[in-house]
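As provided, work_30.cif (mmCIF, C-alpha atoms) reads as follows.
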data_work
loop_
_atom_site.group_PDB
_atom_site.id
_atom_site.type_symbol
_atom_site.label_atom_id
_atom_site.label_comp_id
_atom_site.auth_asym_id
_atom_site.auth_seq_id
_atom_site.Cartn_x
_atom_site.Cartn_y
_atom_site.Cartn_z
ATOM 1 C CA VAL A 1 8.089 -9.671 -29.488
ATOM 2 C CA GLY A 2 8.492 -9.651 -33.249
ATOM 3 C CA THR A 3 6.472 -9.513 -36.464
ATOM 4 C CA SER A 4 4.992 -12.601 -38.098
ATOM 5 C CA ALA A 5 7.560 -12.266 -40.918
ATOM 6 C CA GLU A 6 10.408 -12.289 -38.379
ATOM 7 C CA ALA A 7 8.884 -15.333 -36.669
ATOM 8 C CA GLU A 8 8.835 -17.233 -39.951
ATOM 9 C CA THR A 9 12.591 -16.748 -40.427
ATOM 10 C CA MET A 10 13.531 -17.667 -36.826
ATOM 11 C CA ASP A 11 14.513 -21.156 -35.757
ATOM 12 C CA LEU A 12 11.970 -21.890 -33.026
ATOM 13 C CA SER A 13 12.622 -25.599 -32.739
ATOM 14 C CA GLY A 14 14.273 -25.196 -29.337
ATOM 15 C CA TYR A 15 11.457 -23.106 -27.876
ATOM 16 C CA GLU A 16 8.019 -23.818 -26.513
ATOM 17 C CA GLN A 17 5.524 -22.020 -28.741
ATOM 18 C CA ILE A 18 2.309 -20.613 -27.306
ATOM 19 C CA SER A 19 -0.387 -19.197 -29.562
ATOM 20 C CA LEU A 20 -1.877 -15.932 -28.270
ATOM 21 C CA GLU A 21 -4.377 -15.556 -31.062
ATOM 22 C CA GLY A 22 -7.675 -14.251 -29.707
ATOM 23 C CA LYS A 23 -6.276 -13.741 -26.203
ATOM 24 C CA HIS A 24 -5.517 -10.685 -24.073
ATOM 25 C CA VAL A 25 -1.989 -9.935 -22.885
ATOM 26 C CA TYR A 26 -1.554 -7.923 -19.689
ATOM 27 C CA PRO A 27 1.468 -6.653 -17.784
ATOM 28 C CA GLY A 28 1.822 -8.382 -14.419
ATOM 29 C CA PHE A 29 -0.446 -6.925 -11.740
ATOM 30 C CA ILE A 30 1.238 -5.097 -8.846
ATOM 31 C CA LEU A 31 -0.115 -5.395 -5.297
ATOM 32 C CA PRO A 32 0.909 -2.662 -2.819
ATOM 33 C CA ASN A 33 0.473 -2.673 0.946
ATOM 34 C CA THR A 34 0.204 -6.371 1.777
ATOM 35 C CA ASP A 35 1.666 -8.643 4.460
ATOM 36 C CA LEU A 36 1.829 -11.584 2.057
ATOM 37 C CA GLY A 37 4.707 -13.849 3.070
ATOM 38 C CA LEU A 38 4.686 -12.440 6.611
ATOM 39 C CA LYS A 39 1.417 -14.001 7.738
ATOM 40 C CA GLU A 40 0.260 -17.473 6.749
ATOM 41 C CA ILE A 41 -2.439 -18.673 9.182
ATOM 42 C CA GLY A 42 -3.708 -16.027 11.561
ATOM 43 C CA ALA A 43 -4.711 -18.539 14.253
ATOM 44 C CA VAL A 44 -1.268 -20.195 14.270
ATOM 45 C CA ARG A 45 1.166 -17.812 15.964
ATOM 46 C CA ALA A 46 4.251 -19.569 14.597
ATOM 47 C CA THR A 47 3.223 -18.581 11.051
ATOM 48 C CA VAL A 48 2.662 -14.887 11.846
ATOM 49 C CA ASP A 49 5.598 -12.493 11.587
ATOM 50 C CA ASN A 50 4.043 -9.216 10.466
ATOM 51 C CA GLU A 51 4.461 -7.114 13.610
ATOM 52 C CA GLU A 52 6.872 -6.121 16.378
ATOM 53 C CA GLU A 53 6.400 -4.860 19.907
ATOM 54 C CA GLY A 54 6.106 -1.097 20.307
ATOM 55 C CA GLY A 55 4.322 1.518 18.244
ATOM 56 C CA LEU A 56 7.249 3.314 16.553
ATOM 57 C CA ASN A 57 9.481 0.921 14.628
ATOM 58 C CA PRO A 58 10.804 2.621 11.474
ATOM 59 C CA ASN A 59 13.884 0.355 11.623
ATOM 60 C CA VAL A 60 11.896 -2.881 11.216
ATOM 61 C CA ARG A 61 12.543 -4.375 7.751
ATOM 62 C CA SER A 62 9.831 -6.596 6.347
ATOM 63 C CA ILE A 63 12.080 -8.123 3.690
ATOM 64 C CA ILE A 64 14.117 -10.296 6.055
ATOM 65 C CA SER A 65 10.961 -12.051 7.267
ATOM 66 C CA TYR A 66 9.437 -12.552 3.822
ATOM 67 C CA ASN A 67 8.692 -16.245 3.271
ATOM 68 C CA THR A 68 8.951 -17.276 -0.376
ATOM 69 C CA ASP A 69 7.560 -20.721 0.518
ATOM 70 C CA SER A 70 4.180 -19.289 1.504
ATOM 71 C CA GLU A 71 1.317 -21.444 0.224
ATOM 72 C CA LEU A 72 -0.599 -18.247 -0.571
ATOM 73 C CA ILE A 73 1.824 -16.918 -3.190
ATOM 74 C CA PRO A 74 0.788 -19.344 -5.986
ATOM 75 C CA THR A 75 -2.865 -18.291 -5.569
ATOM 76 C CA PHE A 76 -1.825 -14.668 -6.166
ATOM 77 C CA ARG A 77 0.257 -15.524 -9.218
ATOM 78 C CA PHE A 78 -2.648 -17.542 -10.649
ATOM 79 C CA ASN A 79 -4.684 -14.301 -10.655
ATOM 80 C CA GLY A 80 -1.934 -12.378 -12.445
ATOM 81 C CA ILE A 81 -0.300 -10.692 -9.428
ATOM 82 C CA LEU A 82 3.444 -10.994 -10.061
ATOM 83 C CA VAL A 83 4.881 -8.225 -7.854
ATOM 84 C CA ALA A 84 3.966 -7.129 -4.322
ATOM 85 C CA GLN A 85 4.996 -4.544 -1.753
ATOM 86 C CA ILE A 86 5.500 -6.399 1.543
ATOM 87 C CA VAL A 87 4.510 -4.282 4.550
ATOM 88 C CA PRO A 88 4.623 -4.844 8.341
ATOM 89 C CA LYS A 89 1.319 -4.039 10.016
ATOM 90 C CA SER A 90 1.453 -2.995 13.696
ATOM 91 C CA GLY A 91 1.688 0.315 15.531
ATOM 92 C CA MET A 92 1.796 3.877 14.246
ATOM 93 C CA ILE A 93 5.051 3.259 12.377
ATOM 94 C CA PRO A 94 5.257 -0.490 11.722
ATOM 95 C CA GLY A 95 8.466 -0.309 9.686
ATOM 96 C CA SER A 96 9.870 -0.377 6.157
ATOM 97 C CA SER A 97 8.370 -2.222 3.212
ATOM 98 C CA SER A 98 10.138 -3.851 0.275
ATOM 99 C CA ILE A 99 8.992 -4.707 -3.239
ATOM 100 C CA VAL A 100 9.386 -8.336 -4.305
ATOM 101 C CA HIS A 101 8.906 -10.637 -7.267
ATOM 102 C CA LEU A 102 6.522 -13.435 -6.321
ATOM 103 C CA ASP A 103 8.562 -16.068 -8.164
ATOM 104 C CA ALA A 104 11.718 -16.659 -6.112
ATOM 105 C CA TRP A 105 13.502 -19.250 -3.966
ATOM 106 C CA ASN A 106 14.444 -16.950 -1.073
ATOM 107 C CA TRP A 107 13.977 -13.383 0.041
ATOM 108 C CA GLU A 108 17.313 -12.271 -1.380
ATOM 109 C CA ASP A 109 16.280 -13.444 -4.852
ATOM 110 C CA ALA A 110 12.761 -12.060 -4.436
ATOM 111 C CA ALA A 111 13.896 -8.564 -3.444
ATOM 112 C CA MET A 112 13.406 -6.048 -6.211
ATOM 113 C CA VAL A 113 13.559 -2.813 -4.179
ATOM 114 C CA THR A 114 14.473 -3.099 -0.494
ATOM 115 C CA ASP A 115 13.286 -0.569 2.084
ATOM 116 C CA ASP A 116 11.362 1.446 -0.504
ATOM 117 C CA ALA A 117 9.058 3.175 2.001
ATOM 118 C CA ILE A 118 8.329 3.710 5.685
ATOM 119 C CA HIS A 119 4.686 3.264 6.652
ATOM 120 C CA LEU A 120 2.738 5.521 8.993
ATOM 121 C CA ASN A 121 -0.704 4.656 10.369
ATOM 122 C CA TRP A 122 -1.983 8.103 11.303
ATOM 123 C CA PRO A 123 -3.949 8.037 14.591
ATOM 124 C CA GLY A 124 -7.614 8.845 14.061
ATOM 125 C CA ARG A 125 -9.565 11.364 16.073
ATOM 126 C CA TYR A 126 -12.221 8.671 16.357
ATOM 127 C CA LYS A 127 -12.027 4.919 16.733
ATOM 128 C CA MET A 128 -14.428 2.002 16.426
ATOM 129 C CA GLU A 129 -15.245 0.334 19.732
ATOM 130 C CA PHE A 130 -17.310 -2.781 20.364
ATOM 131 C CA ASP A 131 -19.983 -2.462 23.061
ATOM 132 C CA TYR A 132 -20.503 -5.885 24.634
ATOM 133 C CA SER A 133 -23.663 -4.765 26.438
ATOM 134 C CA THR A 134 -25.492 -4.024 23.180
ATOM 135 C CA TYR A 135 -23.322 -6.040 20.762
ATOM 136 C CA THR A 136 -22.863 -3.008 18.539
ATOM 137 C CA VAL A 137 -19.817 -1.237 17.104
ATOM 138 C CA ASN A 138 -19.759 2.453 17.962
ATOM 139 C CA ARG A 139 -17.667 5.374 16.722
ATOM 140 C CA VAL A 140 -16.158 7.046 19.783
ATOM 141 C CA PRO A 141 -13.557 9.810 20.273
ATOM 142 C CA ASN A 142 -9.923 8.702 20.527
ATOM 143 C CA GLU A 143 -8.894 10.107 23.910
ATOM 144 C CA ASN A 144 -5.215 9.412 23.155
ATOM 145 C CA TYR A 145 -5.095 11.312 19.856
ATOM 146 C CA GLU A 146 -3.089 14.325 21.064
ATOM 147 C CA GLU A 147 -0.644 12.094 22.923
ATOM 148 C CA GLN A 148 -0.117 9.906 19.854
ATOM 149 C CA VAL A 149 0.538 12.899 17.601
ATOM 150 C CA LYS A 150 2.994 14.245 20.188
ATOM 151 C CA LYS A 151 4.961 10.985 19.995
ATOM 152 C CA LEU A 152 5.212 11.415 16.232
ATOM 153 C CA GLU A 153 6.335 15.026 16.659
ATOM 154 C CA ASN A 154 9.098 13.931 19.016
ATOM 155 C CA LEU A 155 10.248 11.159 16.670
ATOM 156 C CA PHE A 156 10.511 13.465 13.652
ATOM 157 C CA ALA A 157 12.244 16.152 15.723
ATOM 158 C CA ASP A 158 14.758 13.585 16.962
ATOM 159 C CA ALA A 159 15.318 12.364 13.399
ATOM 160 C CA GLN A 160 16.061 15.890 12.196
ATOM 161 C CA SER A 161 18.462 16.486 15.087
ATOM 162 C CA TYR A 162 20.142 13.136 14.454
ATOM 163 C CA ASP A 163 20.775 14.138 10.847
ATOM 164 C CA GLU A 164 22.483 17.350 11.972
ATOM 165 C CA MET A 165 24.802 15.497 14.369
ATOM 166 C CA GLU A 166 25.807 12.800 11.866
ATOM 167 C CA GLY A 167 28.829 10.806 13.009
ATOM 168 C CA ALA A 168 28.550 11.826 16.653
ATOM 169 C CA GLY A 169 27.781 9.253 19.330
ATOM 170 C CA GLU A 170 26.371 5.747 19.022
ATOM 171 C CA PRO A 171 24.189 4.923 15.995
ATOM 172 C CA ASN A 172 20.441 4.892 16.570
ATOM 173 C CA LEU A 173 18.777 2.437 14.193
ATOM 174 C CA LYS A 174 15.324 4.001 14.448
ATOM 175 C CA LEU A 175 16.569 7.490 13.676
ATOM 176 C CA GLU A 176 18.890 6.246 10.941
ATOM 177 C CA ALA A 177 15.955 4.594 9.194
ATOM 178 C CA MET A 178 14.092 7.912 9.290
ATOM 179 C CA GLN A 179 16.859 9.716 7.383
ATOM 180 C CA GLY A 180 15.631 8.272 4.104
ATOM 181 C CA LEU A 181 12.467 10.350 4.479
ATOM 182 C CA MET A 182 14.434 13.560 4.837
ATOM 183 C CA ASP A 183 16.699 13.066 1.823
ATOM 184 C CA GLY A 184 13.990 11.649 -0.461
ATOM 185 C CA SER A 185 15.522 8.180 -0.844
ATOM 186 C CA LYS A 186 12.455 6.643 0.840
ATOM 187 C CA ALA A 187 8.792 7.393 0.393
ATOM 188 C CA LEU A 188 6.372 7.677 3.296
ATOM 189 C CA HIS A 189 3.156 5.712 2.835
ATOM 190 C CA LEU A 190 0.486 7.315 4.964
ATOM 191 C CA GLN A 191 -2.594 5.380 6.076
ATOM 192 C CA ALA A 192 -5.429 7.837 6.714
ATOM 193 C CA GLU A 193 -9.142 7.675 5.954
ATOM 194 C CA GLU A 194 -11.134 10.753 7.002
ATOM 195 C CA ALA A 195 -10.782 14.091 5.221
ATOM 196 C CA ARG A 196 -9.636 16.007 8.309
ATOM 197 C CA GLU A 197 -7.041 13.370 9.152
ATOM 198 C CA ILE A 198 -5.758 13.359 5.571
ATOM 199 C CA VAL A 199 -5.199 17.118 5.571
ATOM 200 C CA GLU A 200 -3.729 17.226 9.085
ATOM 201 C CA SER A 201 -1.308 14.361 8.499
ATOM 202 C CA ILE A 202 -0.028 15.627 5.139
ATOM 203 C CA LYS A 203 0.514 19.133 6.523
ATOM 204 C CA PHE A 204 2.326 17.564 9.475
ATOM 205 C CA LEU A 205 4.671 15.604 7.196
ATOM 206 C CA LYS A 206 5.273 18.468 4.759
ATOM 207 C CA ALA A 207 6.220 20.764 7.649
ATOM 208 C CA ARG A 208 8.878 18.239 8.685
ATOM 209 C CA GLY A 209 10.539 17.951 5.302
ATOM 210 C CA VAL A 210 9.027 14.695 4.037
ATOM 211 C CA GLU A 211 9.011 14.985 0.240
ATOM 212 C CA ARG A 212 7.552 11.740 -1.119
ATOM 213 C CA ILE A 213 4.137 11.002 0.401
ATOM 214 C CA VAL A 214 1.647 8.367 -0.761
ATOM 215 C CA LEU A 215 -1.841 8.220 0.739
ATOM 216 C CA ILE A 216 -3.128 4.707 1.507
ATOM 217 C CA GLY A 217 -6.826 4.148 2.109
ATOM 218 C CA GLY A 218 -8.183 7.664 1.738
ATOM 219 C CA TYR A 219 -11.852 6.761 2.071
ATOM 220 C CA GLU A 220 -12.758 10.482 2.178
ATOM 221 C CA ALA A 221 -10.049 11.562 -0.272
ATOM 222 C CA ASN A 222 -12.784 12.560 -2.728
ATOM 223 C CA LEU A 223 -13.636 15.426 -0.348
ATOM 224 C CA VAL A 224 -10.109 16.914 -0.506
ATOM 225 C CA THR A 225 -9.042 16.274 -4.117
ATOM 226 C CA ASP A 226 -7.922 19.889 -4.643
ATOM 227 C CA PHE A 227 -5.637 19.669 -1.603
ATOM 228 C CA LEU A 228 -4.175 16.359 -2.776
ATOM 229 C CA LYS A 229 -3.574 17.704 -6.304
ATOM 230 C CA GLU A 230 -1.924 20.834 -4.944
ATOM 231 C CA ASN A 231 0.484 18.711 -2.898
ATOM 232 C CA GLU A 232 0.937 16.081 -5.657
ATOM 233 C CA ILE A 233 -0.150 13.197 -3.428
ATOM 234 C CA PRO A 234 -0.969 9.900 -5.181
ATOM 235 C CA VAL A 235 -3.629 7.689 -3.610
ATOM 236 C CA ILE A 236 -3.751 3.903 -3.268
ATOM 237 C CA VAL A 237 -7.389 3.075 -2.557
ATOM 238 C CA ASP A 238 -7.917 -0.006 -0.410
ATOM 239 C CA ASN A 239 -10.952 -2.146 0.241
ATOM 240 C CA VAL A 240 -13.178 -1.147 -2.687
ATOM 241 C CA HIS A 241 -15.392 -4.122 -1.829
ATOM 242 C CA ARG A 242 -16.877 -2.828 1.393
ATOM 243 C CA LEU A 243 -19.915 -1.051 2.783
ATOM 244 C CA PRO A 244 -20.115 2.762 2.992
ATOM 245 C CA GLU A 245 -18.836 4.318 6.206
ATOM 246 C CA ARG A 246 -21.725 6.733 6.750
ATOM 247 C CA PRO A 247 -25.487 6.084 6.647
ATOM 248 C CA GLU A 248 -26.133 9.081 4.349
ATOM 249 C CA GLU A 249 -23.753 7.815 1.634
ATOM 250 C CA ASP A 250 -24.729 5.917 -1.498
ATOM 251 C CA VAL A 251 -24.481 2.180 -0.977
ATOM 252 C CA ASP A 252 -22.033 2.013 -3.901
ATOM 253 C CA GLN A 253 -19.817 4.910 -2.761
ATOM 254 C CA PRO A 254 -16.770 2.652 -2.108
ATOM 255 C CA TYR A 255 -17.110 1.296 -5.662
ATOM 256 C CA LYS A 256 -17.164 4.811 -7.137
ATOM 257 C CA LEU A 257 -14.201 6.183 -5.182
ATOM 258 C CA PRO A 258 -11.402 5.140 -7.625
ATOM 259 C CA ALA A 259 -13.237 6.815 -10.524
ATOM 260 C CA GLN A 260 -13.918 9.967 -8.482
ATOM 261 C CA LEU A 261 -10.234 10.361 -7.670
ATOM 262 C CA HIS A 262 -9.047 9.411 -11.171
ATOM 263 C CA ASN A 263 -11.470 11.839 -12.823
ATOM 264 C CA ALA A 264 -10.288 14.578 -10.448
ATOM 265 C CA GLY A 265 -6.795 14.254 -11.957
ATOM 266 C CA LEU A 266 -5.080 12.277 -9.183
ATOM 267 C CA LEU A 267 -2.682 9.366 -9.700
ATOM 268 C CA VAL A 268 -4.659 6.424 -8.304
ATOM 269 C CA GLY A 269 -3.793 2.801 -7.577
ATOM 270 C CA LEU A 270 -5.553 -0.073 -5.834
ATOM 271 C CA CYS A 271 -4.674 -2.468 -3.029
ATOM 272 C CA TYR A 272 -6.598 -4.937 -0.874
ATOM 273 C CA ASP A 273 -5.982 -4.578 2.837
ATOM 274 C CA ILE A 274 -8.779 -6.132 4.835
ATOM 275 C CA GLY A 275 -9.217 -9.307 6.844
ATOM 276 C CA MET A 276 -7.276 -12.379 5.737
ATOM 277 C CA ASN A 277 -4.346 -11.418 3.523
ATOM 278 C CA SER A 278 -5.215 -14.303 1.185
ATOM 279 C CA ARG A 279 -8.149 -12.216 -0.059
ATOM 280 C CA ALA A 280 -5.723 -9.773 -1.669
ATOM 281 C CA ARG A 281 -5.502 -12.207 -4.581
ATOM 282 C CA ASN A 282 -8.814 -10.590 -5.611
ATOM 283 C CA LEU A 283 -6.990 -7.396 -6.650
ATOM 284 C CA PRO A 284 -8.005 -7.711 -10.340
ATOM 285 C CA PHE A 285 -11.658 -7.981 -9.319
ATOM 286 C CA LEU A 286 -11.365 -4.619 -7.535
ATOM 287 C CA ALA A 287 -10.260 -3.134 -10.833
ATOM 288 C CA GLY A 288 -13.233 -4.825 -12.472
ATOM 289 C CA THR A 289 -15.582 -3.160 -9.998
ATOM 290 C CA ALA A 290 -13.935 0.222 -10.630
ATOM 291 C CA ALA A 291 -14.511 -0.303 -14.367
ATOM 292 C CA ALA A 292 -18.226 -0.758 -13.718
ATOM 293 C CA TYR A 293 -18.442 2.489 -11.724
ATOM 294 C CA GLY A 294 -17.112 5.385 -13.746
ATOM 295 C CA ILE A 295 -13.912 4.559 -15.629
ATOM 296 C CA SER A 296 -13.036 2.525 -18.710
ATOM 297 C CA LYS A 297 -11.634 -1.001 -18.582
ATOM 298 C CA GLU A 298 -8.262 0.290 -19.787
ATOM 299 C CA GLU A 299 -8.169 2.954 -17.052
ATOM 300 C CA ALA A 300 -9.165 0.332 -14.476
ATOM 301 C CA LEU A 301 -6.332 -1.924 -15.638
ATOM 302 C CA MET A 302 -3.927 0.994 -15.158
ATOM 303 C CA LEU A 303 -4.931 1.140 -11.472
ATOM 304 C CA ILE A 304 -3.231 -2.211 -10.812
ATOM 305 C CA THR A 305 -0.419 -2.004 -13.377
ATOM 306 C CA SER A 306 1.130 1.253 -14.600
ATOM 307 C CA ASN A 307 -0.341 3.499 -11.887
ATOM 308 C CA ASN A 308 0.788 1.241 -9.055
ATOM 309 C CA ALA A 309 4.208 1.014 -10.719
ATOM 310 C CA LYS A 310 4.477 4.820 -10.871
ATOM 311 C CA ILE A 311 3.374 5.226 -7.260
ATOM 312 C CA LEU A 312 5.929 2.649 -6.071
ATOM 313 C CA GLY A 313 8.684 4.129 -8.246
ATOM 314 C CA ILE A 314 9.225 1.010 -10.384
ATOM 315 C CA ASP A 315 7.589 2.190 -13.625
ATOM 316 C CA ASP A 316 10.977 2.134 -15.382
ATOM 317 C CA LYS A 317 10.887 -1.674 -15.106
ATOM 318 C CA LEU A 318 7.248 -2.745 -14.766
ATOM 319 C CA GLY A 319 3.656 -1.728 -15.317
ATOM 320 C CA THR A 320 3.374 -1.592 -19.099
ATOM 321 C CA LEU A 321 4.192 -3.799 -22.079
ATOM 322 C CA GLU A 322 7.141 -1.958 -23.609
ATOM 323 C CA GLU A 323 10.549 -2.809 -24.976
ATOM 324 C CA GLY A 324 13.092 -3.006 -22.166
ATOM 325 C CA LYS A 325 10.580 -3.810 -19.407
#
Represent the structure contained in this file as structure tokens.
Amino acid sequence: VGTSAEAETMDLSGYEQISLEGKHVYPGFILPNTDLGLKEIGAVRATVDNEEEGGLNPNVRSIISYNTDSELIPTFRFNGILVAQIVPKSGMIPGSSSIVHLDAWNWEDAAMVTDDAIHLNWPGRYKMEFDYSTYTVNRVPNENYEEQVKKLENLFADAQSYDEMEGAGEPNLKLEAMQGLMDGSKALHLQAEEAREIVESIKFLKARGVERIVLIGGYEANLVTDFLKENEIPVIVDNVHRLPERPEEDVDQPYKLPAQLHNAGLLVGLCYDIGMNSRARNLPFLAGTAAAYGISKEEALMLITSNNAKILGIDDKLGTLEEGK
């Protein structure tokens, strides 16, 4: 990037020249929390590689299954999404994500940051259950909640013990993968929606020495903003384009959530994690909705550029238009 005077003195004969007069220039959009490249056609099992058997798989690495030949990737790039965090999707701990460039020939070339975070889907105290007799979806208590939390307690306790006995016995890949959470080299991305679950899960992780926590989803995060600020927890809001969860809420509550969190002083980003992963190409339209419900267009753009870059720890390279990035 240079001045017009500098451009006049440069020999540009060997370059393609593109006029940007009257146009907007944006940094590339960054999409967190997606299984792009792991899942192509949901109904064709041979094209789906976003999950493993078992509920606790911190050692699973999404990067080695990332398919750069996915037909979906060009549709994302067309909408300005140039970088994505590729995440496995099954179980309470589905595995480790990696951050990739969407223009690459193979996963080795695509990899920008490998194994950047381990993902935890916190078990809810309630779950949605379909009643075939009435054809309705009902919110019912999760009878396995205590048991599921106990499994997480045991895993973290084993990981801490494994760290203390480093070098002794056979290596355990699951527990080795967990060590990054204890020394701060990996973040933990926590999927939780309800206010009580958000508080419980973060207290659980803090008590076990996890330093870098990112909240994903956080539908009721607006009810616990003081707690999140106190613990310096950034939030990546997913699924802005959806209906409210409770009948007493405003019909546009999901649209207002990014502004509520941003105006409360939290670091907020956006992702799109619902239904077919191809819909995540609509990430910029989520920012557009946020701009219509409480924040400026510039602040909305930050939700999918600089804020997402800061949350993912890549803001030294991406997220803003600056020299050296």
Checklist outcome for this item: CA of Ser201 (chain A) to CA of Met302 (chain A) measures 27.3 Å
Item to check | Nearest to Asp116 (chain A) by atom-to-atom distance, counting all atoms listed in the file, from A:Ser13, A:Ser97, A:Thr225, A:Asn142 | outcome: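 Among the listed residues, the smallest separation from Asp116 (chain A) belongs to A:Ser97.
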Would you compute, for all listed atoms of region 79-94 of chain A, the axis-aligned bounding box grown by 4 Å on each side, and then report its centre and edge lengths in Å rounded to one decimal, as AutoDock Vina command-line options?
--center_x 0.4 --center_y -5.2 --center_z 1.5 --size_x 18.2 --size_y 26.2 --size_z 36.0
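For the atom pair formed by CA of Gly37 (chain A) and CA of Asp115 (chain A), the distance is 15.8 Å, given to one decimal.
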Next on the checklist: Quick check, in Å to one decimal: how far apart do CA of Asp238 (chain A) and CA of Ser96 (chain A) lie?
Outcome noted: 19.0 Å
Next on the checklist: Calculated over only C-alpha atoms, which of the candidates A:Glu71, A:Glu299, A:Glu200, A:Glu322 has the smallest distance to Leu38 (chain A)?
Outcome noted: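 Selected residue with least distance to Leu38 (chain A): A:Glu71.
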Item to check | Counting all atoms listed in the file, the option among A:Ala177, A:Met128, A:Leu312, A:Val44 closest to Val100 (chain A) | outcome: A:Leu312
Next on the checklist: Calculated over all atoms listed in the file, which of the candidates A:Val87, A:Leu286, A:Ala280, A:Cys271 has the smallest distance to Lys256 (chain A)?
Outcome noted: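 Selected residue with least distance to Lys256 (chain A): A:Leu286.
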